[in-house]
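**Q** One structure, pasted below without further comment.
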Amino acid sequence: MELRDFIVTPIWLFIIYGVAYWVRPRFTDENTRRYFIPALTVRIIGALAVGFIYQFYYGGGDTFTYHTRGSAVIWQAFMDNPTNGFKLLFAGKELKPELYPYTKQMWFYGDLSSYFVVRVAAIFDLITFRTYSATATMFACISFSGAWAMYTVFYQRFKNLNKQLAYSILFVPSVFFWGSGILKDTLTLAALGWSTYTFDQIFNKRKFNMFYLFIFLLFLWTLFSIKKYILLCFAPALIMWLYVSNLTSIKNTVLKVLIAPLISIIAILFAYLAIDKVGENDPRYAIENLAETVQITAYDIRYGWGARYGEGSGYTLGELDGTFYSMLKLMPDAINVSLFRPYLWEVSNPLMLLAALESLAVLILTIIVLIRTRVVGVFKPMPIPIVIFCLVFSIVFAFAVGVSTFNFGTLMRYKIPLMPYFLSALILLYYNSNRERKFDLLEETE
């Protein structure tokens, strides 16, 4: 913390809240207005809190590396020579002699996915005078915008569940804590929210325009640039959403039975092509290399750099040998660890206790839903396509991060993209199981 944090940050908070109160009438109605400012506030609190945690609990970490050893250096380059500042802002892996005095200070220079975060932080640093807390609040605003965009998608369909969906999307503690600071997770979480919103507008509501297309492609590119494995899980779920939406819109049962196999084949083909396309740019994510990448990542986090996130926070699900069989046989345990662990008896530090309490709440809610739907009801044909989308993404993602992390400290951050989708699906399943109120509460509205 520096003196500038106590001067610049309050000014920007005043501006942010002024803008928020000004735009609130444009993006809310009588039901959602009450959530707008609180949802923004918890994001800002989370962004500042994660800075305190990294500084005083971990003694450093990614968020300070992105800023102190990243964007702040670019800001200094702008102050010295704007030309060099622009060169650094758009630099890749190349090493240029005139930039060496700056690049030697930047720990993530050359790591394109991490440098993406540095670039975004540097843009904000230009207007916050490289003030960490002020730049962190800007990241919080990005996170909030994505969360509100996602909330809008659900609210437009299920207005009577505005409160329950607000809790599941806007106010999940782990999400607004780990998904608001100067971190990769903030940008990817926002990208998921905006991608969900624009996909829905373009493909489900048929409101195609160039602005929606630009935003959709921009945030898919953001996911691709920062964490390709999120895109690998998200793209097939989007395609499944579109597939189920079109299938359920067919009223003729005979036609539906005849066309379903064809649509299924097309959906699977598009999902495969999407995954294959992601892997073209990075061999680690090519289909034939995925199992080996999972093995390397899991053991690296378990025994290497990830071990710093708390003594005793490592876990193992079994042996990975770089084959798909060794990975797939761990699927049930991997999904379980992402959704419901750490258990209370596995807690070894204060942050794990908070994670364990949240996981326990998710487990209890899941059990209630399974009982309410009589278990098998969850797997029956679902008349609500968005539930299928949420379940496909959250379960596939839970498997992906659970099998490739092997450290609870890291998992707490990595699993936050699935939380709003999984919890929203549980809420919709729960209310859909109430047959007397089902059609009043869950009839999709335009």
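A note on labels: chains of the structure tokens are A, B, ... as shown, every chain counts residues from 1, and ligands are counted from 1 in their shown order.
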Show which residues sit within 10 Å of Leu344 (chain A), as a list in words. Count only C-alpha atoms, and ignore same-chain residues fewer than 2 positions away.

**A**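 Counting only C-alpha atoms, the residues come to Arg341, Pro342, Glu346, Val347, Ser348, Met352, Leu353, Leu354, Ala355, Ala356, Leu357, Ser359 and Leu360 of chain A.
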
**Q** Name the residues in contact with Leu187 (chain A) at a cut-off of 8 Å, using only C-alpha atoms, excluding same-chain residues fewer than 5 positions from it; report them as number ranges by chain.

**A** A: 117, 139, 142-143, 179, 222

**Q** Could you pull the residues within 6 Å of region 168-173 of chain A, counting only C-alpha atoms, minus those fewer than 2 positions along the same chain, as a tab-separated table (two decimals) with all heavy atoms, in the first residue's frame?

**A**
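Writing the result to result_2.tsv gives the following:
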```tsv
chain	number	residue	atom	x	y	z
A	39	ALA	N	-24.13	-5.90	-5.79
A	39	ALA	CA	-23.31	-6.83	-6.57
A	39	ALA	C	-22.00	-6.19	-6.99
A	39	ALA	O	-20.94	-6.84	-7.02
A	39	ALA	CB	-24.09	-7.32	-7.79
A	165	LEU	N	-31.67	-16.50	-8.22
A	165	LEU	CA	-30.63	-16.45	-9.25
A	165	LEU	C	-29.58	-15.39	-8.93
A	165	LEU	O	-28.41	-15.56	-9.28
A	165	LEU	CB	-31.27	-16.19	-10.61
A	165	LEU	CG	-32.10	-17.35	-11.17
A	165	LEU	CD1	-32.91	-16.90	-12.38
A	165	LEU	CD2	-31.21	-18.53	-11.53
A	166	ALA	N	-29.99	-14.32	-8.27
A	166	ALA	CA	-29.01	-13.30	-7.87
A	166	ALA	C	-28.01	-13.89	-6.89
A	166	ALA	O	-26.79	-13.65	-6.99
A	166	ALA	CB	-29.73	-12.12	-7.23
A	175	VAL	N	-16.60	-16.74	-5.67
A	175	VAL	CA	-16.58	-16.15	-7.02
A	175	VAL	C	-16.26	-14.67	-6.94
A	175	VAL	O	-15.39	-14.18	-7.69
A	175	VAL	CB	-17.93	-16.38	-7.73
A	175	VAL	CG1	-17.94	-15.69	-9.09
A	175	VAL	CG2	-18.19	-17.87	-7.91
A	176	PHE	N	-16.95	-13.93	-6.06
A	176	PHE	CA	-16.64	-12.49	-6.03
A	176	PHE	C	-15.33	-12.20	-5.31
A	176	PHE	O	-14.77	-11.11	-5.44
A	176	PHE	CB	-17.80	-11.65	-5.46
A	176	PHE	CG	-18.10	-11.82	-3.99
A	176	PHE	CD1	-17.22	-11.36	-3.02
A	176	PHE	CD2	-19.28	-12.40	-3.58
A	176	PHE	CE1	-17.51	-11.48	-1.66
A	176	PHE	CE2	-19.59	-12.54	-2.22
A	176	PHE	CZ	-18.69	-12.08	-1.27
A	177	PHE	N	-14.78	-13.18	-4.57
A	177	PHE	CA	-13.47	-12.97	-3.95
A	177	PHE	C	-12.35	-13.26	-4.95
A	177	PHE	O	-11.55	-12.38	-5.27
A	177	PHE	CB	-13.32	-13.86	-2.71
A	177	PHE	CG	-12.00	-13.72	-2.02
A	177	PHE	CD1	-11.75	-12.63	-1.20
A	177	PHE	CD2	-10.99	-14.66	-2.21
A	177	PHE	CE1	-10.51	-12.49	-0.56
A	177	PHE	CE2	-9.76	-14.53	-1.58
A	177	PHE	CZ	-9.52	-13.44	-0.76
A	420	PRO	N	-21.32	-20.27	-10.76
A	420	PRO	CA	-22.61	-19.65	-11.08
A	420	PRO	C	-23.49	-20.53	-11.96
A	420	PRO	O	-24.72	-20.54	-11.80
A	420	PRO	CB	-22.20	-18.37	-11.82
A	420	PRO	CG	-20.80	-18.12	-11.42
A	420	PRO	CD	-20.19	-19.47	-11.22
A	423	LEU	N	-24.78	-23.69	-9.73
A	423	LEU	CA	-25.77	-23.28	-8.74
A	423	LEU	C	-27.07	-22.83	-9.40
A	423	LEU	O	-28.17	-23.11	-8.89
A	423	LEU	CB	-25.21	-22.17	-7.87
A	423	LEU	CG	-24.05	-22.57	-6.94
A	423	LEU	CD1	-23.48	-21.36	-6.22
A	423	LEU	CD2	-24.51	-23.61	-5.92
A	424	SER	N	-26.97	-22.15	-10.52
A	424	SER	CA	-28.18	-21.74	-11.24
A	424	SER	C	-28.95	-22.95	-11.74
A	424	SER	O	-30.20	-22.98	-11.67
A	424	SER	CB	-27.81	-20.82	-12.41
A	424	SER	OG	-27.20	-19.63	-11.96
```

**Q** Could you give me, as number ranges by chain, the residues within 9 Å of region 29-37 of chain A, counting only C-alpha atoms and dropping anything in the same chain fewer than 2 positions from it?

**A** A: 17, 20-21, 24-27, 39-42, 148, 155, 159-160, 162-163, 166, 170

**Q** Pick out the residues sitting within 8 Å of Val73 (chain A), and hand them over as a list in words; count only C-alpha atoms, and ignore anything fewer than 6 positions along from it in its own chain.

**A**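 So, after excluding close chain neighbours, the residues are Tyr102, Gln105 and Met106 of chain A.
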
**Q** Could you pull out the alpha helix (DSSP H) residues of region 63-223 of chain A from DSSP and send them as a ChimeraX atom specification?

**A** /A:63-66,72-80,82-89,100-103,112-128,132-157,162-169,173-178,184-199,210-223
